[in-house]
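Structure first, commentary second.
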Amino acid sequence: MPVSGSKKKGWIYADVRPRRNPGEINPDRVRMLREAEIRPAPIVYWMGREQRVRDNWALLFAQSKALDLKAPLLVVFCLTPRFLEAAWRQYAFMLQGLKGVERDLRELAVPFHVLAGPPESEIPSFVRARKAGFVVTDFDPLRIKRSWRGEVARGLSVPLAVVDSRNIIPCWAASQKQEYAAHTLRRKVARLLPGYVETVPAPKRHPFGGGGQSQPVRWDALEKSLQVDRSVAPVDRPEAGEKAARKRLQVFLREGLARYAAERNDPNAGLQSGLSPYLHFGQLSSLRAALEVLGSGAPMESKEAFLEELITRRELADNYCWYNPHYDDPRGFPAWAVKTLEEHGRDPRDPRYTRKRLEAAHTHDPLWNAAQRELMELGTMPGYLRMYWAKKILEWSGSAGEAMEAAVYLNDRYQLDGRDPNGYAGIAWSVGGVHDRPWFERPIFGKIRTMTLNGCRSKFDVDAYIARVDAATAAAPAATRTPAEERRETPSGPAAEG
Ligand code: FAD
Ligand code: FO1
């Protein structure tokens with residue numbers, strides 16, 4: 001593997017050498033949720049978070065069981081009519097990707113079923129109807145997913161296994177407790193990573209049929225079954241699906257990675273990978289991205305910087321949501337942050353904005369408004385501005401609880417990659433000091449780290465960013481615009497609560 005640049009102290013990722021997988025799934029990735037005798041009967045993979053056919057340990061594990069038992073393999077996805085704050089924008093992206101899953105599974109002779117309704121009832125009745133003998137699903141730390149898995153386990157009489165195919169180091173193997181900060185997890189990552197960075201076998205064409213006919217999925221009917229807000233319109237870009245994800249990864253390797261270390265925090269440079277929607281919907285595995293980055297000829301510094309985000313930061317977010325059930329409210333904050341926010345709970349907020357006003361991007365701050373418009377209309381926001389965006393919500397809200405609620409709502413409703421542990425951890429970092437340390441005391445924030453408009457001006461060309469968002473959103477569909485925004489009001493100074 002080409003190595004460019006000399007190794008600096010503290011670098012831990014870029015010289016990891018991928019192991020060759022011998023064709024077995026590391027047992028650390030698998031946990032039994034329901035033990036029972038395994039019968040030679042169809043094996044069901046209940047796909048949820050990992051919506052892809054390649055580089056998917058859960059699918060590979062289900063297939064290995066089916067091959068051992070000479071049994072059929074079935075893949076099933078349960079489409080819920082609503083999911084947290086997701087709107088039509090995110091469902092449209094997800095369904096597009098799932099159409100590709102159907103095509104790819106057909107090539108492997110594996111039937112794909114999409115059930116409309118709650119998994120708690122749909123999965124057990126599907127398993128009973130197919131007389132399946134074993135169910136495999138993928139790991140997800142969110143409360144809603146834990147509750148689904150628990151209910152499904154109670155409704156089954158066959159074994160249920162969960163496979164962590166999202167984290168390179170399985171969440172429960174990386175750490176057995178909530179990590180305090182990135183540096184505490186990084187130490188564990190440095191020790192464990194070499195054991196988990198490995199090539200991934202391709203799934204095989206499945207030789208045992210009989211698991212039921214593979215009727216084409218009735219996508220139109222499924223779309224109609226959704227009860228989501230259709231006024232949050234789909235976005236033109238990025239294109240959804242596993243193929244598009246791999247293409248995006250290749251473009252990033254060619255055009256972005258080399259400058260990532262130096263310029264990723266400049267929202268005008270466009271040097272982030274743009275992979276988060278694919279990673280969120282599981283259309284790309286982070287292990288695939290890591291393997292490609294490790295094998296690239298990019299400077300070590302950039303590989304380290306990118307892998308720090310892709311591995312330590314991303315896996316820290318799963319660790320946070322797995323070990324802290326209050327990942328999206330102030331009860332999840334560290335004690336020092338709760339204390340300091342309480343001490344500043346009565347500090348005057350001027351301006352103070354309601355969630356509605358924030359949603360309409362009508363604050364006195366032109367940078368914040370531009371970031372909010374990019375979010376609403378294009379479903380994205382540069383990483384650096386996500387921190388600024390959330391911190392300003394704290395500054396302009398009546399309390400940290402109110403700020404968390406508004407930020408989670410807006411992030412989950414409009415971001416293509418929202419409703420994700422990364423989002424909950426990122427918001428909790430910005431508003432509640434999670435994974436951060438105490439800083440200098442300031443009004444409202446107390447010891448929570450602040451960010452300011454002038455600080456942003458010193459780091460990047462704020463006006464160029466605003467102009468770029470103006471141009472990009474002028475062409476975007478007006479579906480997400482509120483009536484007030486349609487009138488294009490331009491607030492001039494600090495506004496009162498709206
Ligand atoms: P790149 O910079 O190219 O990074 C590659 C990948 O590494 C990302 O796709 C992501 O999976 C991971 N990553 C990068 N930064 C972080 C981080 N700080 N924490 C965890 N993982 C990271 N990320 C989401 O995926 N969904 C969200 O809803 C989300 N909301 C956020 C809200 C706030 C307030 C903050 C501060 C951060 C949020 N992030 C979220 C994390 C991060 O900002 C995005 O993952 C990143 O900007 C996505 O762009 P990219 O894929 O081009 O990232
Ligand atoms: N997972 C499912 O199993 N079924 C769904 O219908 C579903 C909808 C959905 C919509 C938007 C979105 O962002 C995610 C959605 N997910 C769904 C879950 C997703 O795959 C992830 O597991 C979590 O959002 C993040 O961990």
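Labels used: A, B, ... for chains in the order of the structure tokens, numbers from 1 for residues in each chain, and numbers from 1 for ligands as shown.
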
Within 7 Å of ligand 2, which residues show up when you count only C-alpha atoms and all ligand atoms? List them as an mmCIF file with N, CA and C atoms, in the first residue's frame, please.
data_model
loop_
_atom_site.group_PDB
_atom_site.id
_atom_site.type_symbol
_atom_site.label_atom_id
_atom_site.label_comp_id
_atom_site.auth_asym_id
_atom_site.auth_seq_id
_atom_site.Cartn_x
_atom_site.Cartn_y
_atom_site.Cartn_z
ATOM 1 N N MET A 47 -33.584 -6.544 7.132
ATOM 2 C CA MET A 47 -32.693 -5.414 6.845
ATOM 3 C C MET A 47 -33.320 -4.137 7.400
ATOM 4 N N GLY A 48 -32.522 -3.306 8.056
ATOM 5 C CA GLY A 48 -33.063 -2.046 8.571
ATOM 6 C C GLY A 48 -32.129 -0.907 8.241
ATOM 7 N N ARG A 49 -31.026 -0.890 8.978
ATOM 8 C CA ARG A 49 -30.098 0.231 8.849
ATOM 9 C C ARG A 49 -29.143 0.061 7.681
ATOM 10 N N GLU A 50 -28.821 -1.191 7.352
ATOM 11 C CA GLU A 50 -27.781 -1.443 6.344
ATOM 12 C C GLU A 50 -28.444 -1.786 5.013
ATOM 13 N N PHE A 77 -37.532 -5.998 4.310
ATOM 14 C CA PHE A 77 -37.413 -4.647 4.867
ATOM 15 C C PHE A 77 -38.800 -4.238 5.326
ATOM 16 N N CYS A 78 -38.882 -3.634 6.491
ATOM 17 C CA CYS A 78 -40.189 -3.239 7.007
ATOM 18 C C CYS A 78 -40.321 -1.720 6.864
ATOM 19 N N LEU A 79 -41.172 -1.301 5.968
ATOM 20 C CA LEU A 79 -41.344 0.135 5.708
ATOM 21 C C LEU A 79 -42.427 0.675 6.646
ATOM 22 N N THR A 80 -41.995 1.539 7.570
ATOM 23 C CA THR A 80 -42.961 2.086 8.529
ATOM 24 C C THR A 80 -43.575 3.360 7.930
ATOM 25 N N PRO A 81 -44.858 3.593 8.182
ATOM 26 C CA PRO A 81 -45.506 4.749 7.544
ATOM 27 C C PRO A 81 -44.909 6.085 7.969
ATOM 28 N N ARG A 82 -44.280 6.106 9.146
ATOM 29 C CA ARG A 82 -43.582 7.302 9.664
ATOM 30 C C ARG A 82 -42.314 6.834 10.352
ATOM 31 N N PHE A 83 -41.296 7.668 10.372
ATOM 32 C CA PHE A 83 -40.091 7.340 11.143
ATOM 33 C C PHE A 83 -39.527 8.630 11.723
ATOM 34 N N ALA A 86 -38.858 12.083 9.887
ATOM 35 C CA ALA A 86 -38.552 11.958 8.454
ATOM 36 C C ALA A 86 -39.744 12.397 7.609
ATOM 37 N N GLN A 90 -36.632 12.322 2.695
ATOM 38 C CA GLN A 90 -35.736 11.225 3.100
ATOM 39 C C GLN A 90 -36.295 9.867 2.671
ATOM 40 N N TYR A 91 -37.623 9.719 2.738
ATOM 41 C CA TYR A 91 -38.213 8.451 2.295
ATOM 42 C C TYR A 91 -37.952 8.232 0.802
ATOM 43 N N MET A 94 -34.515 7.000 0.391
ATOM 44 C CA MET A 94 -34.390 5.620 0.892
ATOM 45 C C MET A 94 -35.019 4.629 -0.093
ATOM 46 N N ASP A 140 -28.481 -1.147 15.602
ATOM 47 C CA ASP A 140 -28.783 0.287 15.580
ATOM 48 C C ASP A 140 -29.051 0.690 17.023
ATOM 49 N N PRO A 141 -28.368 1.720 17.537
ATOM 50 C CA PRO A 141 -28.531 2.023 18.960
ATOM 51 C C PRO A 141 -29.746 2.903 19.292
ATOM 52 N N LEU A 142 -30.459 3.402 18.272
ATOM 53 C CA LEU A 142 -31.549 4.342 18.569
ATOM 54 C C LEU A 142 -32.657 3.658 19.378
ATOM 55 N N HIS A 280 -25.645 7.061 6.273
ATOM 56 C CA HIS A 280 -26.829 7.025 7.144
ATOM 57 C C HIS A 280 -27.800 5.925 6.715
ATOM 58 N N PHE A 281 -28.101 5.851 5.430
ATOM 59 C CA PHE A 281 -29.054 4.841 4.961
ATOM 60 C C PHE A 281 -28.381 3.489 4.700
ATOM 61 N N GLY A 282 -27.125 3.384 5.054
ATOM 62 C CA GLY A 282 -26.440 2.104 4.890
ATOM 63 C C GLY A 282 -26.212 1.737 3.439
ATOM 64 N N LEU A 416 -30.930 15.282 5.024
ATOM 65 C CA LEU A 416 -31.005 13.968 4.391
ATOM 66 C C LEU A 416 -30.369 12.922 5.312
ATOM 67 N N ASP A 417 -29.287 13.324 5.997
ATOM 68 C CA ASP A 417 -28.602 12.359 6.859
ATOM 69 C C ASP A 417 -29.062 12.421 8.318
ATOM 70 N N GLY A 418 -30.160 13.119 8.606
ATOM 71 C CA GLY A 418 -30.622 13.258 9.996
ATOM 72 C C GLY A 418 -31.179 11.948 10.548
ATOM 73 N N ARG A 419 -31.742 12.006 11.778
ATOM 74 C CA ARG A 419 -32.287 10.819 12.450
ATOM 75 C C ARG A 419 -31.205 9.757 12.650
ATOM 76 N N ASP A 420 -30.019 10.242 12.965
ATOM 77 C CA ASP A 420 -28.833 9.375 12.999
ATOM 78 C C ASP A 420 -28.066 9.651 14.304
ATOM 79 N N PRO A 421 -27.419 8.631 14.873
ATOM 80 C CA PRO A 421 -26.597 8.881 16.061
ATOM 81 C C PRO A 421 -25.628 10.050 15.868
#

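In this model, the gap between CA of Arg19 (chain A) and CA of Glu198 (chain A) comes to 4.4 Å.
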
> Running DSSP on the backbone, which parts of region 25-180 of chain A land in strand (DSSP E or B), as a ChimeraX atom specification?
Replying inline: /A:30-34,43-47,73-79,112-116,134-138,160-163

>> Give me, as number ranges by chain, all polymer residues having an atom no more than 12 Å from Arg128 (chain A), counting only C-alpha atoms and skipping those fewer than 2 positions away in the same chain.
In response: A: 41-44, 121-126, 130-135, 155-158

Write to file, as a short mmCIF file (atom, residue, chain, number, x, y, z; two decimals), in the first residue's frame, the residues of the selection just made, with C-alpha atoms.
data_model
loop_
_atom_site.label_atom_id
_atom_site.label_comp_id
_atom_site.auth_asym_id
_atom_site.auth_seq_id
_atom_site.Cartn_x
_atom_site.Cartn_y
_atom_site.Cartn_z
CA ALA A 41 -35.77 -23.79 7.47
CA PRO A 42 -35.58 -20.47 5.57
CA ILE A 43 -33.28 -17.86 7.06
CA VAL A 44 -34.62 -14.32 7.17
CA SER A 121 -46.25 -7.21 14.12
CA GLU A 122 -45.04 -7.51 10.50
CA ILE A 123 -41.78 -9.38 11.13
CA PRO A 124 -43.15 -12.11 13.45
CA SER A 125 -46.11 -12.76 11.14
CA PHE A 126 -43.82 -12.90 8.06
CA ARG A 130 -42.66 -18.49 5.76
CA LYS A 131 -41.96 -21.06 8.49
CA ALA A 132 -38.53 -19.47 8.84
CA GLY A 133 -36.04 -20.96 11.27
CA PHE A 134 -33.70 -18.05 12.10
CA VAL A 135 -33.85 -14.25 11.91
CA GLY A 155 -43.09 -12.16 19.05
CA LEU A 156 -40.77 -14.88 17.64
CA SER A 157 -40.35 -18.52 18.57
CA VAL A 158 -37.10 -18.87 16.55
#

>> If we count only C-alpha atoms and set the cut-off at 7 Å, which residues sit around region 172-180 of chain A, ignoring sequence neighbours fewer than 2 positions away in its own chain? Please answer as a list in words.
In response: Asp28, Ile169, Pro170, Thr184, Leu185, Lys188, Val189, Asn319, Tyr320, Tyr323, Asn324 and His435 of chain A

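For the set A:Pro216, A:Gly97, A:Pro203, A:Gly433, the residue with the smallest atom-to-atom gap to Ile25 (chain A) is A:Pro203, counting only C-alpha atoms.
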
> Which of these residues is nearest to Ile38 (chain A), using only C-alpha atoms: A:Glu120, A:Asp15, A:Asp138, A:Asp68?
Replying inline: A:Asp68

>> Using only C-alpha atoms, which protein or nucleic acid residues come within 12 Å of Arg54 (chain A)? Drop anything in the same chain fewer than 3 positions from it, and give the result as a ChimeraX atom specification.
In response: /A:50-51,57-60,100-101,104-105,108,165,199-204,241-243,245-246,282-288

> Which of these, A:Val293, A:Val127, A:Ala305, A:Met376, has the shortest distance to Tyr414 (chain A) once you count only C-alpha atoms?
Replying inline: A:Met376

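Distances to ligand 1 were evaluated for A:Arg264, A:Lys8, A:Arg373, A:Arg29 using only C-alpha atoms and all ligand atoms, and the minimum falls at A:Arg264.
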